[in-house]
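First the structure, in the form of C-alpha cells, and then the observations on it.
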Amino acid sequence: QVQLVESGGGLVQAGGSLRLSCAASGSILDIDAMGWYRQAPGQQRELVALVSSGGITNYADSVKGRFTASRDNAKNTVYLQMNSAKPEDTAVYYCTVLISLRGYWGQGIQVTVSS
C-alpha cells in the first residue's frame, strides 16, 4: 500500500504564491514519476506538472513560467511552487505517483485564488 499526504493548500490572492507538498509512504521501492493534477468544478482532471525519475518535468501550457514542480527522492516528496497565481488556477489539486506502472492518488487539496 502507498499513502500520499498533501499539504499547503488554501486561499491566496491573485498574483500571490503558494507551495504544495505531497509525501509518499508505504510500500515504496522506486518511484517512476511524481506530480500534480488539478480539477476545477465542472471540469475534467488535468495535468499540472509531472517530474520523471530523471528529473525531467512536463508542465501544462497554462502554468509554464509560473509553477515549478520538484521532488526530493530521499523524502519521497514532491512539491509544487505556485507563483503569479491566477483565479483560473482555483481547483482541487491531486498529488500522483507512478510506481511500477501503477498510479496512486492523494485525497486532493483545495487551492482558491481570489481576484
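Letters A, B, ... go to the chains of the C-alpha cells in the order shown; residues in each chain start at 1; ligands are counted from 1 in the same order.
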
(Q) Give me, as a PyMOL selection string, all polymer residues having an atom no more than 6 Å from Ser21 in chain A, counting only C-alpha atoms and skipping those fewer than 5 positions away in the same chain. (A) chain A and resi 6-7+78-79

Can you pull out every residue within 7 Å of range 92-101 of chain A, counting only C-alpha atoms, but drop anything in the same chain fewer than 3 positions away, and send it as a PDB file with N, CA and C atoms, in the first residue's frame?
ATOM      1  N   GLU A   6      -1.041  15.220   1.193  1.00  0.00           N
ATOM      2  CA  GLU A   6      -0.831  16.544   0.606  1.00  0.00           C
ATOM      3  C   GLU A   6      -0.991  17.623   1.677  1.00  0.00           C
ATOM      4  N   CYS A  22       3.633  17.002  -1.094  1.00  0.00           N
ATOM      5  CA  CYS A  22       2.999  15.685  -1.070  1.00  0.00           C
ATOM      6  C   CYS A  22       4.057  14.656  -0.703  1.00  0.00           C
ATOM      7  N   ASP A  30      10.858   2.085  -5.846  1.00  0.00           N
ATOM      8  CA  ASP A  30      11.329   3.150  -6.731  1.00  0.00           C
ATOM      9  C   ASP A  30      10.118   3.857  -7.321  1.00  0.00           C
ATOM     10  N   ILE A  31      10.106   5.155  -7.201  1.00  0.00           N
ATOM     11  CA  ILE A  31       9.028   5.952  -7.772  1.00  0.00           C
ATOM     12  C   ILE A  31       9.436   6.385  -9.171  1.00  0.00           C
ATOM     13  N   ASP A  32       8.622   6.031 -10.138  1.00  0.00           N
ATOM     14  CA  ASP A  32       8.942   6.371 -11.518  1.00  0.00           C
ATOM     15  C   ASP A  32       8.695   7.846 -11.802  1.00  0.00           C
ATOM     16  N   ALA A  33       7.554   8.332 -11.360  1.00  0.00           N
ATOM     17  CA  ALA A  33       7.198   9.728 -11.619  1.00  0.00           C
ATOM     18  C   ALA A  33       6.350  10.248 -10.463  1.00  0.00           C
ATOM     19  N   MET A  34       6.442  11.541 -10.227  1.00  0.00           N
ATOM     20  CA  MET A  34       5.645  12.194  -9.198  1.00  0.00           C
ATOM     21  C   MET A  34       5.144  13.510  -9.768  1.00  0.00           C
ATOM     22  N   GLY A  35       3.951  13.896  -9.367  1.00  0.00           N
ATOM     23  CA  GLY A  35       3.486  15.158  -9.885  1.00  0.00           C
ATOM     24  C   GLY A  35       2.123  15.559  -9.378  1.00  0.00           C
ATOM     25  N   TRP A  36       1.519  16.462 -10.142  1.00  0.00           N
ATOM     26  CA  TRP A  36       0.266  17.079  -9.730  1.00  0.00           C
ATOM     27  C   TRP A  36      -0.720  17.169 -10.886  1.00  0.00           C
ATOM     28  N   TYR A  37      -1.959  16.897 -10.572  1.00  0.00           N
ATOM     29  CA  TYR A  37      -3.086  17.167 -11.448  1.00  0.00           C
ATOM     30  C   TYR A  37      -4.023  18.122 -10.695  1.00  0.00           C
ATOM     31  N   ARG A  38      -4.965  18.672 -11.426  1.00  0.00           N
ATOM     32  CA  ARG A  38      -5.971  19.507 -10.771  1.00  0.00           C
ATOM     33  C   ARG A  38      -7.317  19.338 -11.453  1.00  0.00           C
ATOM     34  N   GLN A  39      -8.359  19.635 -10.682  1.00  0.00           N
ATOM     35  CA  GLN A  39      -9.711  19.532 -11.219  1.00  0.00           C
ATOM     36  C   GLN A  39     -10.537  20.694 -10.699  1.00  0.00           C
ATOM     37  N   ALA A  40     -10.969  21.526 -11.607  1.00  0.00           N
ATOM     38  CA  ALA A  40     -11.843  22.647 -11.271  1.00  0.00           C
ATOM     39  C   ALA A  40     -13.296  22.187 -11.335  1.00  0.00           C
ATOM     40  N   TYR A 104      -0.994   6.070  -8.185  1.00  0.00           N
ATOM     41  CA  TYR A 104      -1.622   6.294  -6.886  1.00  0.00           C
ATOM     42  C   TYR A 104      -1.977   7.775  -6.781  1.00  0.00           C
ATOM     43  N   TRP A 105      -3.063   8.060  -6.040  1.00  0.00           N
ATOM     44  CA  TRP A 105      -3.551   9.436  -5.929  1.00  0.00           C
ATOM     45  C   TRP A 105      -3.691   9.847  -4.475  1.00  0.00           C
ATOM     46  N   GLY A 106      -3.438  11.133  -4.221  1.00  0.00           N
ATOM     47  CA  GLY A 106      -3.746  11.693  -2.931  1.00  0.00           C
ATOM     48  C   GLY A 106      -5.219  12.030  -2.844  1.00  0.00           C
ATOM     49  N   GLN A 107      -5.621  12.497  -1.681  1.00  0.00           N
ATOM     50  CA  GLN A 107      -7.044  12.770  -1.457  1.00  0.00           C
ATOM     51  C   GLN A 107      -7.476  14.105  -2.078  1.00  0.00           C
ATOM     52  N   GLY A 108      -6.522  14.910  -2.460  1.00  0.00           N
ATOM     53  CA  GLY A 108      -6.833  16.210  -3.055  1.00  0.00           C
ATOM     54  C   GLY A 108      -6.797  17.322  -2.033  1.00  0.00           C
ATOM     55  N   ILE A 109      -6.378  18.496  -2.484  1.00  0.00           N
ATOM     56  CA  ILE A 109      -6.289  19.647  -1.598  1.00  0.00           C
ATOM     57  C   ILE A 109      -6.789  20.874  -2.359  1.00  0.00           C
ATOM     58  N   GLN A 110      -7.594  21.673  -1.683  1.00  0.00           N
ATOM     59  CA  GLN A 110      -8.216  22.823  -2.336  1.00  0.00           C
ATOM     60  C   GLN A 110      -7.251  24.001  -2.408  1.00  0.00           C
ATOM     61  N   VAL A 111      -7.190  24.597  -3.589  1.00  0.00           N
ATOM     62  CA  VAL A 111      -6.474  25.857  -3.798  1.00  0.00           C
ATOM     63  C   VAL A 111      -7.465  26.848  -4.379  1.00  0.00           C
TER      64      VAL A 111
END

**Q.** strand (DSSP E) per DSSP on the backbone: members of chain A, as a ChimeraX atom specification
**A.** /A:2-7,10-13,18-26,33-39,46-52,57-59,67-72,77-82,91-99,102-105,109-114

Q.
Using Å and a single decimal, report how far CA of Ser114 in chain A sits from CA of Ser70 in chain A.
A. 25.3 Å

Can you tell me which residues surround Thr112 in chain A at a distance of at most 12 Å, considering only C-alpha atoms, apart from same-chain residues fewer than 6 positions away, and format the answer as a PDB file with N, CA and C atoms, in the first residue's frame?
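Output file selection-v1.pdb follows:
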ATOM      1  N   GLY A   8      -0.452  22.261   2.262  1.00  0.00           N
ATOM      2  CA  GLY A   8      -0.061  23.553   1.736  1.00  0.00           C
ATOM      3  C   GLY A   8      -1.126  24.303   0.964  1.00  0.00           C
ATOM      4  N   GLY A   9      -2.278  23.711   0.774  1.00  0.00           N
ATOM      5  CA  GLY A   9      -3.318  24.401   0.032  1.00  0.00           C
ATOM      6  C   GLY A   9      -3.945  25.518   0.832  1.00  0.00           C
ATOM      7  N   GLY A  10      -4.893  26.204   0.214  1.00  0.00           N
ATOM      8  CA  GLY A  10      -5.595  27.274   0.911  1.00  0.00           C
ATOM      9  C   GLY A  10      -6.000  28.382  -0.018  1.00  0.00           C
ATOM     10  N   LEU A  11      -6.141  29.568   0.548  1.00  0.00           N
ATOM     11  CA  LEU A  11      -6.598  30.748  -0.185  1.00  0.00           C
ATOM     12  C   LEU A  11      -5.432  31.688  -0.422  1.00  0.00           C
ATOM     13  N   VAL A  12      -5.328  32.182  -1.638  1.00  0.00           N
ATOM     14  CA  VAL A  12      -4.275  33.138  -1.986  1.00  0.00           C
ATOM     15  C   VAL A  12      -4.863  34.176  -2.926  1.00  0.00           C
ATOM     16  N   GLN A  13      -4.370  35.392  -2.842  1.00  0.00           N
ATOM     17  CA  GLN A  13      -4.830  36.434  -3.752  1.00  0.00           C
ATOM     18  C   GLN A  13      -4.155  36.289  -5.109  1.00  0.00           C
ATOM     19  N   ALA A  14      -4.819  36.772  -6.113  1.00  0.00           N
ATOM     20  CA  ALA A  14      -4.237  36.756  -7.455  1.00  0.00           C
ATOM     21  C   ALA A  14      -2.884  37.462  -7.423  1.00  0.00           C
ATOM     22  N   GLY A  16      -0.305  36.141  -6.024  1.00  0.00           N
ATOM     23  CA  GLY A  16       0.416  35.608  -4.881  1.00  0.00           C
ATOM     24  C   GLY A  16       1.010  34.245  -5.141  1.00  0.00           C
ATOM     25  N   SER A  17       1.580  33.681  -4.083  1.00  0.00           N
ATOM     26  CA  SER A  17       2.276  32.404  -4.186  1.00  0.00           C
ATOM     27  C   SER A  17       1.765  31.419  -3.148  1.00  0.00           C
ATOM     28  N   LEU A  18       1.918  30.155  -3.502  1.00  0.00           N
ATOM     29  CA  LEU A  18       1.511  29.076  -2.614  1.00  0.00           C
ATOM     30  C   LEU A  18       2.418  27.891  -2.917  1.00  0.00           C
ATOM     31  N   ARG A  38      -4.965  18.672 -11.426  1.00  0.00           N
ATOM     32  CA  ARG A  38      -5.971  19.507 -10.771  1.00  0.00           C
ATOM     33  C   ARG A  38      -7.317  19.338 -11.453  1.00  0.00           C
ATOM     34  N   GLN A  39      -8.359  19.635 -10.682  1.00  0.00           N
ATOM     35  CA  GLN A  39      -9.711  19.532 -11.219  1.00  0.00           C
ATOM     36  C   GLN A  39     -10.537  20.694 -10.699  1.00  0.00           C
ATOM     37  N   ALA A  40     -10.969  21.526 -11.607  1.00  0.00           N
ATOM     38  CA  ALA A  40     -11.843  22.647 -11.271  1.00  0.00           C
ATOM     39  C   ALA A  40     -13.296  22.187 -11.335  1.00  0.00           C
ATOM     40  N   PRO A  41     -14.194  22.884 -10.672  1.00  0.00           N
ATOM     41  CA  PRO A  41     -15.615  22.491 -10.693  1.00  0.00           C
ATOM     42  C   PRO A  41     -16.147  22.389 -12.120  1.00  0.00           C
ATOM     43  N   MET A  82       3.754  27.516  -6.621  1.00  0.00           N
ATOM     44  CA  MET A  82       2.828  28.239  -7.465  1.00  0.00           C
ATOM     45  C   MET A  82       3.086  29.736  -7.288  1.00  0.00           C
ATOM     46  N   ALA A  85      -0.151  33.465  -9.097  1.00  0.00           N
ATOM     47  CA  ALA A  85      -1.395  32.711  -9.165  1.00  0.00           C
ATOM     48  C   ALA A  85      -2.516  33.518  -9.822  1.00  0.00           C
ATOM     49  N   LYS A  86      -3.371  32.811 -10.537  1.00  0.00           N
ATOM     50  CA  LYS A  86      -4.496  33.419 -11.234  1.00  0.00           C
ATOM     51  C   LYS A  86      -5.799  32.775 -10.727  1.00  0.00           C
ATOM     52  N   PRO A  87      -6.903  33.502 -10.819  1.00  0.00           N
ATOM     53  CA  PRO A  87      -8.180  32.906 -10.394  1.00  0.00           C
ATOM     54  C   PRO A  87      -8.486  31.592 -11.106  1.00  0.00           C
ATOM     55  N   GLU A  88      -8.060  31.461 -12.351  1.00  0.00           N
ATOM     56  CA  GLU A  88      -8.307  30.216 -13.090  1.00  0.00           C
ATOM     57  C   GLU A  88      -7.464  29.046 -12.588  1.00  0.00           C
ATOM     58  N   ASP A  89      -6.562  29.293 -11.656  1.00  0.00           N
ATOM     59  CA  ASP A  89      -5.820  28.195 -11.020  1.00  0.00           C
ATOM     60  C   ASP A  89      -6.630  27.555  -9.888  1.00  0.00           C
ATOM     61  N   THR A  90      -7.761  28.149  -9.557  1.00  0.00           N
ATOM     62  CA  THR A  90      -8.605  27.598  -8.499  1.00  0.00           C
ATOM     63  C   THR A  90      -9.082  26.197  -8.871  1.00  0.00           C
ATOM     64  N   ALA A  91      -8.805  25.243  -7.991  1.00  0.00           N
ATOM     65  CA  ALA A  91      -9.138  23.843  -8.261  1.00  0.00           C
ATOM     66  C   ALA A  91      -8.769  22.998  -7.052  1.00  0.00           C
ATOM     67  N   VAL A  92      -9.169  21.757  -7.100  1.00  0.00           N
ATOM     68  CA  VAL A  92      -8.636  20.761  -6.176  1.00  0.00           C
ATOM     69  C   VAL A  92      -7.396  20.161  -6.835  1.00  0.00           C
ATOM     70  N   TYR A  93      -6.295  20.201  -6.122  1.00  0.00           N
ATOM     71  CA  TYR A  93      -5.025  19.696  -6.648  1.00  0.00           C
ATOM     72  C   TYR A  93      -4.760  18.304  -6.074  1.00  0.00           C
TER      73      TYR A  93
END

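As for CA of Leu4 in chain A and CA of Ser27 in chain A, they are spaced 11.5 Å apart.
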
Q. Leaving out range 58-66 of chain A and any residue of its chain fewer than 6 positions from it, which residues lie within 7 Å of it when counting only C-alpha atoms, given as a PyMOL selection string?
A. chain A and resi 47-51+82-84

Output the selection as an mmCIF file, in the first residue's frame - all heavy atoms for each residue.
data_model
loop_
_atom_site.group_PDB
_atom_site.id
_atom_site.type_symbol
_atom_site.label_atom_id
_atom_site.label_comp_id
_atom_site.auth_asym_id
_atom_site.auth_seq_id
_atom_site.Cartn_x
_atom_site.Cartn_y
_atom_site.Cartn_z
ATOM 1 N N LEU A 47 -3.553 17.533 -16.166
ATOM 2 C CA LEU A 47 -2.171 17.532 -15.708
ATOM 3 C C LEU A 47 -1.717 18.957 -15.415
ATOM 4 O O LEU A 47 -1.991 19.884 -16.186
ATOM 5 C CB LEU A 47 -1.271 16.935 -16.788
ATOM 6 C CG LEU A 47 0.231 17.047 -16.549
ATOM 7 C CD1 LEU A 47 0.662 16.114 -15.422
ATOM 8 C CD2 LEU A 47 1.003 16.744 -17.825
ATOM 9 N N VAL A 48 -1.000 19.110 -14.300
ATOM 10 C CA VAL A 48 -0.352 20.384 -13.987
ATOM 11 C C VAL A 48 1.155 20.242 -14.244
ATOM 12 O O VAL A 48 1.741 20.996 -15.010
ATOM 13 C CB VAL A 48 -0.602 20.792 -12.528
ATOM 14 C CG1 VAL A 48 0.152 22.073 -12.201
ATOM 15 C CG2 VAL A 48 -2.095 20.962 -12.266
ATOM 16 N N ALA A 49 1.763 19.264 -13.589
ATOM 17 C CA ALA A 49 3.202 19.041 -13.760
ATOM 18 C C ALA A 49 3.536 17.616 -13.339
ATOM 19 O O ALA A 49 2.952 17.101 -12.392
ATOM 20 C CB ALA A 49 4.004 20.033 -12.929
ATOM 21 N N LEU A 50 4.487 17.017 -14.046
ATOM 22 C CA LEU A 50 4.908 15.657 -13.736
ATOM 23 C C LEU A 50 6.417 15.588 -13.832
ATOM 24 O O LEU A 50 6.985 15.993 -14.861
ATOM 25 C CB LEU A 50 4.252 14.673 -14.695
ATOM 26 C CG LEU A 50 4.236 13.203 -14.290
ATOM 27 C CD1 LEU A 50 3.410 13.009 -13.026
ATOM 28 C CD2 LEU A 50 3.687 12.350 -15.417
ATOM 29 N N VAL A 51 7.064 15.078 -12.763
ATOM 30 C CA VAL A 51 8.510 15.002 -12.704
ATOM 31 C C VAL A 51 8.934 13.545 -12.826
ATOM 32 O O VAL A 51 8.525 12.701 -12.018
ATOM 33 C CB VAL A 51 9.055 15.580 -11.383
ATOM 34 C CG1 VAL A 51 10.577 15.661 -11.429
ATOM 35 C CG2 VAL A 51 8.454 16.950 -11.097
ATOM 36 N N MET A 82 3.754 27.516 -6.621
ATOM 37 C CA MET A 82 2.828 28.239 -7.465
ATOM 38 C C MET A 82 3.086 29.736 -7.288
ATOM 39 O O MET A 82 2.857 30.280 -6.212
ATOM 40 C CB MET A 82 1.386 27.897 -7.078
ATOM 41 C CG MET A 82 1.084 26.405 -7.099
ATOM 42 S SD MET A 82 -0.514 25.986 -6.352
ATOM 43 C CE MET A 82 -1.622 26.947 -7.354
ATOM 44 N N ASN A 83 3.544 30.385 -8.324
ATOM 45 C CA ASN A 83 3.772 31.831 -8.303
ATOM 46 C C ASN A 83 2.840 32.509 -9.304
ATOM 47 O O ASN A 83 2.328 31.875 -10.225
ATOM 48 C CB ASN A 83 5.218 32.151 -8.651
ATOM 49 C CG ASN A 83 6.208 31.608 -7.636
ATOM 50 O OD1 ASN A 83 5.898 31.472 -6.453
ATOM 51 N ND2 ASN A 83 7.408 31.296 -8.098
ATOM 52 N N SER A 84 2.652 33.793 -9.115
ATOM 53 C CA SER A 84 1.780 34.578 -10.007
ATOM 54 C C SER A 84 0.438 33.879 -10.196
ATOM 55 O O SER A 84 -0.041 33.714 -11.324
ATOM 56 C CB SER A 84 2.467 34.795 -11.369
ATOM 57 O OG SER A 84 3.706 35.446 -11.229
#

Q: Pick out the closest residue to Val5 in chain A from this set: A:Thr77, A:Val113, A:Arg45, A:Arg19. Count only C-alpha atoms.
A: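 Closest to Val5 in chain A of all the choices is A:Thr77.
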